[in-house]
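Listing of work_25.txt; format and content: compact mmCIF, C-alpha atoms.
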```
# COMPACT_ATOMS: atom_id res chain seq x y z
CA ALA A 1 85.82 -31.01 -25.55
CA GLN A 2 87.80 -34.11 -26.26
CA THR A 3 90.19 -35.63 -23.76
CA VAL A 4 92.97 -38.15 -24.23
CA THR A 5 94.26 -40.28 -21.36
CA GLN A 6 97.48 -42.24 -21.20
CA SER A 7 97.42 -44.12 -17.94
CA GLN A 8 101.02 -45.39 -18.01
CA PRO A 9 103.51 -42.62 -17.23
CA GLU A 10 106.39 -45.05 -17.78
CA MET A 11 106.87 -48.48 -19.30
CA SER A 12 109.93 -50.71 -19.48
CA VAL A 13 110.58 -53.60 -21.85
CA GLN A 14 113.47 -55.88 -22.72
CA GLU A 15 115.05 -55.43 -26.12
CA ALA A 16 113.40 -57.69 -28.74
CA GLU A 17 110.25 -58.09 -26.64
CA THR A 18 106.79 -56.70 -27.38
CA VAL A 19 105.23 -53.82 -25.48
CA THR A 20 101.78 -52.24 -25.60
CA LEU A 21 101.09 -48.62 -24.70
CA SER A 22 97.56 -47.71 -23.70
CA CYS A 23 95.44 -44.75 -24.73
CA THR A 24 91.79 -43.95 -24.15
CA TYR A 25 89.88 -40.93 -25.33
CA ASP A 26 86.56 -39.29 -24.79
CA THR A 27 84.54 -37.76 -27.60
CA SER A 28 80.99 -37.38 -28.77
CA GLU A 29 82.05 -37.28 -32.41
CA SER A 30 81.78 -40.22 -34.79
CA ASP A 31 84.45 -39.17 -37.28
CA TYR A 32 87.97 -38.37 -36.15
CA TYR A 33 91.62 -39.34 -36.41
CA LEU A 34 93.97 -40.82 -33.87
CA PHE A 35 97.74 -40.68 -33.86
CA TRP A 36 100.76 -41.92 -32.00
CA TYR A 37 103.76 -39.58 -31.97
CA LYS A 38 107.23 -40.47 -30.76
CA GLN A 39 109.51 -37.93 -29.08
CA PRO A 40 113.10 -39.13 -28.66
CA PRO A 41 115.65 -37.20 -26.56
CA SER A 42 116.28 -34.97 -29.60
CA ARG A 43 112.84 -33.47 -28.82
CA GLN A 44 111.60 -33.88 -32.39
CA MET A 45 107.96 -35.01 -32.66
CA ILE A 46 107.78 -37.93 -35.09
CA LEU A 47 104.57 -39.46 -36.38
CA VAL A 48 104.54 -43.21 -35.71
CA ILE A 49 101.11 -44.23 -36.93
CA ARG A 50 97.64 -42.85 -37.63
CA GLN A 51 94.16 -44.33 -37.65
CA GLU A 52 91.00 -43.04 -39.28
CA ALA A 53 87.96 -43.72 -37.11
CA TYR A 54 85.84 -44.77 -40.08
CA LYS A 55 88.26 -47.59 -40.87
CA GLN A 56 87.67 -50.82 -38.99
CA GLN A 57 91.04 -52.25 -39.96
CA ASN A 58 93.82 -51.55 -37.50
CA ALA A 59 96.72 -49.54 -38.90
CA THR A 60 100.19 -51.06 -39.07
CA GLU A 61 103.59 -49.59 -39.88
CA ASN A 62 106.35 -52.19 -39.84
CA ARG A 63 106.89 -53.14 -36.17
CA PHE A 64 104.20 -50.74 -34.97
CA SER A 65 100.53 -51.61 -34.91
CA VAL A 66 97.44 -50.33 -33.16
CA ASN A 67 94.43 -51.94 -31.54
CA PHE A 68 91.58 -49.53 -32.26
CA GLN A 69 88.40 -50.24 -30.34
CA LYS A 70 85.96 -47.52 -31.35
CA ALA A 71 83.12 -48.52 -29.04
CA ALA A 72 85.46 -48.68 -26.08
CA LYS A 73 87.26 -45.48 -27.20
CA SER A 74 90.58 -47.22 -26.89
CA PHE A 75 93.66 -46.86 -29.10
CA SER A 76 96.67 -48.84 -27.94
CA LEU A 77 100.06 -49.02 -29.66
CA LYS A 78 101.93 -52.30 -29.92
CA ILE A 79 105.64 -52.27 -30.61
CA SER A 80 107.03 -55.63 -31.67
CA ASP A 81 110.70 -56.65 -31.51
CA SER A 82 111.57 -53.58 -29.42
CA GLN A 83 114.82 -51.87 -30.33
CA LEU A 84 117.02 -49.49 -28.37
CA GLY A 85 116.05 -46.73 -30.79
CA ASP A 86 112.42 -47.07 -29.71
CA ALA A 87 113.25 -45.52 -26.35
CA ALA A 88 111.32 -42.25 -26.24
CA MET A 89 108.22 -40.47 -24.99
CA TYR A 90 105.11 -41.61 -26.84
CA PHE A 91 102.08 -39.38 -27.17
CA CYS A 92 98.61 -40.37 -28.20
CA ALA A 93 96.68 -37.62 -29.99
CA TYR A 94 93.17 -36.98 -31.28
CA ARG A 95 91.99 -34.79 -34.14
CA SER A 96 88.40 -34.13 -35.11
CA ALA A 97 87.44 -34.71 -38.73
CA GLY A 98 85.05 -31.79 -38.65
CA VAL A 99 85.74 -28.59 -40.55
CA GLY A 100 87.29 -25.90 -38.40
CA ALA A 101 88.48 -28.26 -35.67
CA ASP A 102 91.90 -29.26 -36.89
CA GLY A 103 94.01 -29.01 -33.75
CA LEU A 104 95.41 -32.02 -31.94
CA THR A 105 94.53 -32.96 -28.38
CA PHE A 106 97.35 -34.87 -26.70
CA GLY A 107 97.63 -37.28 -23.82
CA LYS A 108 100.30 -36.66 -21.19
CA GLY A 109 102.64 -39.22 -22.66
CA THR A 110 104.27 -42.54 -21.78
CA HIS A 111 108.01 -42.76 -21.27
CA LEU A 112 109.22 -46.00 -22.86
CA ILE A 113 112.46 -47.51 -21.58
CA ILE A 114 114.18 -50.28 -23.53
CA GLN A 115 116.37 -52.57 -21.40
CA PRO A 116 119.34 -54.04 -23.33
CA ASP B 1 111.96 -30.89 -49.02
CA ALA B 2 109.21 -29.03 -47.22
CA GLU B 3 109.86 -28.33 -43.59
CA ILE B 4 108.85 -26.35 -40.52
CA THR B 5 111.53 -24.48 -38.62
CA GLN B 6 111.55 -22.67 -35.31
CA SER B 7 113.96 -20.08 -34.02
CA PRO B 8 115.67 -19.73 -31.72
CA ARG B 9 116.21 -23.29 -30.44
CA HIS B 10 117.05 -22.03 -26.98
CA LYS B 11 116.42 -18.70 -25.28
CA ILE B 12 116.87 -17.28 -21.83
CA THR B 13 115.01 -14.09 -21.00
CA GLU B 14 114.17 -12.01 -17.97
CA THR B 15 110.81 -11.65 -16.29
CA GLY B 16 108.75 -8.86 -17.81
CA ARG B 17 110.49 -8.79 -21.19
CA GLN B 18 108.64 -9.25 -24.45
CA VAL B 19 109.77 -12.34 -26.35
CA THR B 20 108.89 -13.52 -29.86
CA LEU B 21 109.40 -17.07 -31.07
CA ALA B 22 109.49 -17.58 -34.81
CA CYS B 23 107.88 -20.38 -36.82
CA HIS B 24 108.22 -20.78 -40.59
CA GLN B 25 106.77 -23.58 -42.71
CA THR B 26 107.24 -24.40 -46.38
CA TRP B 27 104.51 -27.04 -46.56
CA ASN B 28 102.00 -24.41 -47.74
CA HIS B 29 99.66 -25.61 -45.01
CA ASN B 30 96.68 -23.47 -44.06
CA ASN B 31 96.73 -24.58 -40.42
CA MET B 32 99.40 -23.58 -37.95
CA PHE B 33 99.55 -24.22 -34.21
CA TRP B 34 101.58 -23.35 -31.15
CA TYR B 35 101.86 -25.81 -28.27
CA ARG B 36 103.75 -25.78 -25.01
CA GLN B 37 105.15 -28.93 -23.45
CA ASP B 38 105.54 -29.28 -19.71
CA LEU B 39 106.38 -32.33 -17.65
CA GLY B 40 103.20 -34.10 -16.60
CA HIS B 41 101.00 -32.12 -18.99
CA GLY B 42 101.89 -33.37 -22.44
CA LEU B 43 101.40 -30.78 -25.18
CA ARG B 44 98.81 -28.06 -24.68
CA LEU B 45 97.46 -25.78 -27.38
CA ILE B 46 98.27 -22.08 -27.00
CA HIS B 47 97.02 -20.47 -30.22
CA TYR B 48 96.16 -21.61 -33.69
CA SER B 49 95.43 -20.22 -37.13
CA TYR B 50 93.47 -21.64 -40.04
CA GLY B 51 94.69 -19.11 -42.56
CA VAL B 52 96.02 -15.61 -43.19
CA GLN B 53 94.53 -13.06 -40.79
CA ASP B 54 92.85 -15.84 -38.80
CA THR B 55 93.94 -16.48 -35.19
CA ASN B 56 92.23 -18.32 -32.34
CA LYS B 57 92.88 -18.94 -28.66
CA GLY B 58 93.68 -22.38 -27.42
CA GLU B 59 93.58 -24.00 -24.02
CA VAL B 60 96.41 -21.95 -22.43
CA SER B 61 96.43 -18.62 -24.29
CA ASP B 62 96.77 -16.14 -21.41
CA GLY B 63 99.93 -14.07 -21.78
CA TYR B 64 100.52 -15.08 -25.41
CA SER B 65 99.57 -13.63 -28.77
CA VAL B 66 100.02 -14.58 -32.43
CA SER B 67 99.53 -12.92 -35.78
CA ARG B 68 99.27 -14.45 -39.27
CA SER B 69 100.22 -12.07 -42.06
CA ASN B 70 101.18 -14.76 -44.58
CA THR B 71 100.80 -18.50 -45.07
CA GLU B 72 104.35 -19.40 -44.04
CA ASP B 73 104.78 -17.71 -40.65
CA LEU B 74 103.09 -17.72 -37.25
CA PRO B 75 105.20 -15.91 -34.65
CA LEU B 76 104.33 -16.39 -30.99
CA THR B 77 104.76 -13.38 -28.68
CA LEU B 78 104.99 -13.48 -24.91
CA GLU B 79 103.92 -9.96 -24.01
CA SER B 80 105.53 -9.88 -20.56
CA ALA B 81 107.43 -13.06 -19.84
CA ALA B 82 106.72 -14.82 -16.54
CA SER B 83 108.52 -17.71 -14.84
CA SER B 84 105.41 -19.84 -15.40
CA GLN B 85 106.08 -19.57 -19.13
CA THR B 86 109.35 -21.45 -18.85
CA SER B 87 108.63 -24.38 -21.15
CA VAL B 88 109.39 -26.06 -24.45
CA TYR B 89 107.37 -24.54 -27.28
CA PHE B 90 106.41 -26.40 -30.44
CA CYS B 91 105.06 -25.01 -33.66
CA ALA B 92 103.12 -27.33 -35.97
CA SER B 93 101.33 -27.13 -39.29
CA SER B 94 98.78 -29.32 -41.03
CA PRO B 95 96.59 -29.29 -44.12
CA ARG B 96 93.02 -28.10 -43.81
CA THR B 97 90.48 -30.88 -43.28
CA GLY B 98 89.74 -32.56 -46.59
CA GLN B 99 93.03 -31.61 -48.22
CA GLY B 100 94.79 -34.95 -47.98
CA ARG B 101 97.12 -35.91 -45.17
CA VAL B 102 95.69 -35.21 -41.75
CA GLU B 103 98.69 -35.37 -39.47
CA ALA B 104 100.49 -32.36 -38.07
CA PHE B 105 104.15 -31.69 -38.79
CA PHE B 106 106.21 -30.26 -35.97
CA GLY B 107 109.17 -27.94 -35.68
CA GLN B 108 112.19 -28.85 -33.56
CA GLY B 109 110.94 -26.97 -30.52
CA THR B 110 112.21 -23.92 -28.63
CA ARG B 111 113.30 -24.24 -25.03
CA LEU B 112 112.48 -20.96 -23.29
CA THR B 113 113.72 -20.15 -19.81
CA VAL B 114 112.38 -17.10 -17.98
CA VAL B 115 114.61 -15.98 -15.10
```

Turn the structure described in the file into structure tokens.
Amino acid sequence: AQTVTQSQPEMSVQEAETVTLSCTYDTSESDYYLFWYKQPPSRQMILVIRQEAYKQQNATENRFSVNFQKAAKSFSLKISDSQLGDAAMYFCAYRSAGVGADGLTFGKGTHLIIQP
Amino acid sequence: DAEITQSPRHKITETGRQVTLACHQTWNHNNMFWYRQDLGHGLRLIHYSYGVQDTNKGEVSDGYSVSRSNTEDLPLTLESAASSQTSVYFCASSPRTGQGRVEAFFGQGTRLTVV
């Protein structure tokens, strides 16, 4: 079974600064997907970014980018120019690309605090 | 717009009662999932379904059941509620592998308190 580890229960960053959230995973599969979800106080789970394992290029979405290191099984999220609205829980998640294995495995989350 | 909705948003129930949480999606996704979220544990998979009449147990399925009679709905039943089932429950849906987008879409969550 796959496991996802987020080693930082909480991170704090000054507004407008850059912060990186860490995620590592364990799998024996070669084809899979990785995601970062954001959960603000509203409780809604919001997709931030996704990465296909077969793609070497790191995904980017505006101020959000990932550093995907397949050999190291590492998938960190970088948030540039942090804004107050970025304050939330962030979850890293894994999904197999195999047929019949479509559920997500989540890490325990990182609570991101933005200091004004 | 397509969406996934859960009801109720909040519920308080007594120990031993049967409780059903509703989940309805209009994405026409084959896959549907139920997760529970607890502090320090992230989201853990309870049950999932890959299509009508298909249901499967997840990591923490004891005390829960689901049924899938149509594409749109996957209700979650707590057969005899226990205090350990106090949690926030999320329903999610996603396309089947190979059918385009791979991410899961989540409902708003249901906060269940068992007293």

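For Asp31 (chain A), the residues within 7 Å (counting all atoms listed in the file, excluding itself and residues fewer than 4 positions away along the chain) are Ala53, Tyr54, Ser96 and Ala97 of chain A.
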
Can you write just those residues out, C-alpha atoms, as a PDB file, keeping the file's coordinate frame?
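out.pdb written:
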```
ATOM      1  CA  ALA A  53      87.960 -43.720 -37.110  1.00  0.00           C
ATOM      2  CA  TYR A  54      85.840 -44.770 -40.080  1.00  0.00           C
ATOM      3  CA  SER A  96      88.400 -34.130 -35.110  1.00  0.00           C
ATOM      4  CA  ALA A  97      87.440 -34.710 -38.730  1.00  0.00           C
TER       5      ALA A  97
END
```

Next on the checklist: Tell me as a ChimeraX atom specification which residues belonging to chain A come within 8 Å of chain B, counting all atoms listed in the file.
Outcome noted: /A:33,35,43-47,50,91,97-100,102-109

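Between CA of Gln8 (chain A) and CA of Gln85 (chain B) the interatomic distance comes to 26.3 Å.
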
For Ser65 (chain A): contacts at 6 Å, only C-alpha atoms, fewer than 4 positions along chain excluded, given as a short mmCIF file (atom, residue, chain, number, x, y, z; two decimals) with C-alpha atoms, keeping the file's coordinate frame:
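What landed in around_14.cif:
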```cif
data_model
loop_
_atom_site.label_atom_id
_atom_site.label_comp_id
_atom_site.auth_asym_id
_atom_site.auth_seq_id
_atom_site.Cartn_x
_atom_site.Cartn_y
_atom_site.Cartn_z
CA ALA A 59 96.72 -49.54 -38.90
CA THR A 60 100.19 -51.06 -39.07
CA LEU A 77 100.06 -49.02 -29.66
CA LYS A 78 101.93 -52.30 -29.92
#
```

Checklist entry - Residues at most 6 Å from region 73-80 of chain B, counting all atoms listed in the file, excluding those fewer than 6 positions away in the same chain, as a list in words? => result Gly16, Arg17, Gln18, Val19, Thr20, Leu21, Ala22, Cys23, His24, Gly63, Tyr64, Ser65 and Val66 of chain B

Since we have the selection now, will you write its residues out, keeping C-alpha atoms, as a compact mmCIF listing (two decimals), in the coordinates of the input?
```txt
# COMPACT_ATOMS: atom_id res chain seq x y z
CA GLY B 16 108.75 -8.86 -17.81
CA ARG B 17 110.49 -8.79 -21.19
CA GLN B 18 108.64 -9.25 -24.45
CA VAL B 19 109.77 -12.34 -26.35
CA THR B 20 108.89 -13.52 -29.86
CA LEU B 21 109.40 -17.07 -31.07
CA ALA B 22 109.49 -17.58 -34.81
CA CYS B 23 107.88 -20.38 -36.82
CA HIS B 24 108.22 -20.78 -40.59
CA GLY B 63 99.93 -14.07 -21.78
CA TYR B 64 100.52 -15.08 -25.41
CA SER B 65 99.57 -13.63 -28.77
CA VAL B 66 100.02 -14.58 -32.43
```

Next on the checklist: Between CA of Asp81 (chain A) and CA of Val48 (chain A), what is the distance in Å, rounded to a tenth?
Outcome noted: 15.4 Å

Checklist entry - With distances taken over all atoms listed in the file, which of B:Asp1, B:Thr71, B:Ile46, B:Ser87 is nearest to Glu59 (chain B)? => result B:Ile46

Checklist entry - Within 8 Å of Trp27 (chain B), counting all atoms listed in the file, which residues qualify if same-chain residues fewer than 6 places away don't, as a ChimeraX atom specification? => result /B:2-4,93

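Distance-wise, CA of Gln51 (chain A) and CA of Val52 (chain B) end up 29.3 Å apart.
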
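Every protein or nucleic acid residue with an atom no more than 6 Å from Ser76 (chain A), counting all atoms listed in the file and leaving out same-chain residues fewer than 3 positions away, appears here: Leu21, Ser22, Cys23, Val66 and Asn67 of chain A.
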
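If you measure from each of A:Asn62, A:Lys70, A:Val13, A:Pro40 to Ser28 (chain A) using all atoms listed in the file, the closest one turns out to be A:Lys70.
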
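With all atoms listed in the file as the basis for measurement, A:Ile79 is the residue among A:Ala87, A:Ile79, A:Leu112, A:Ala72 that approaches Ile49 (chain A) most closely.
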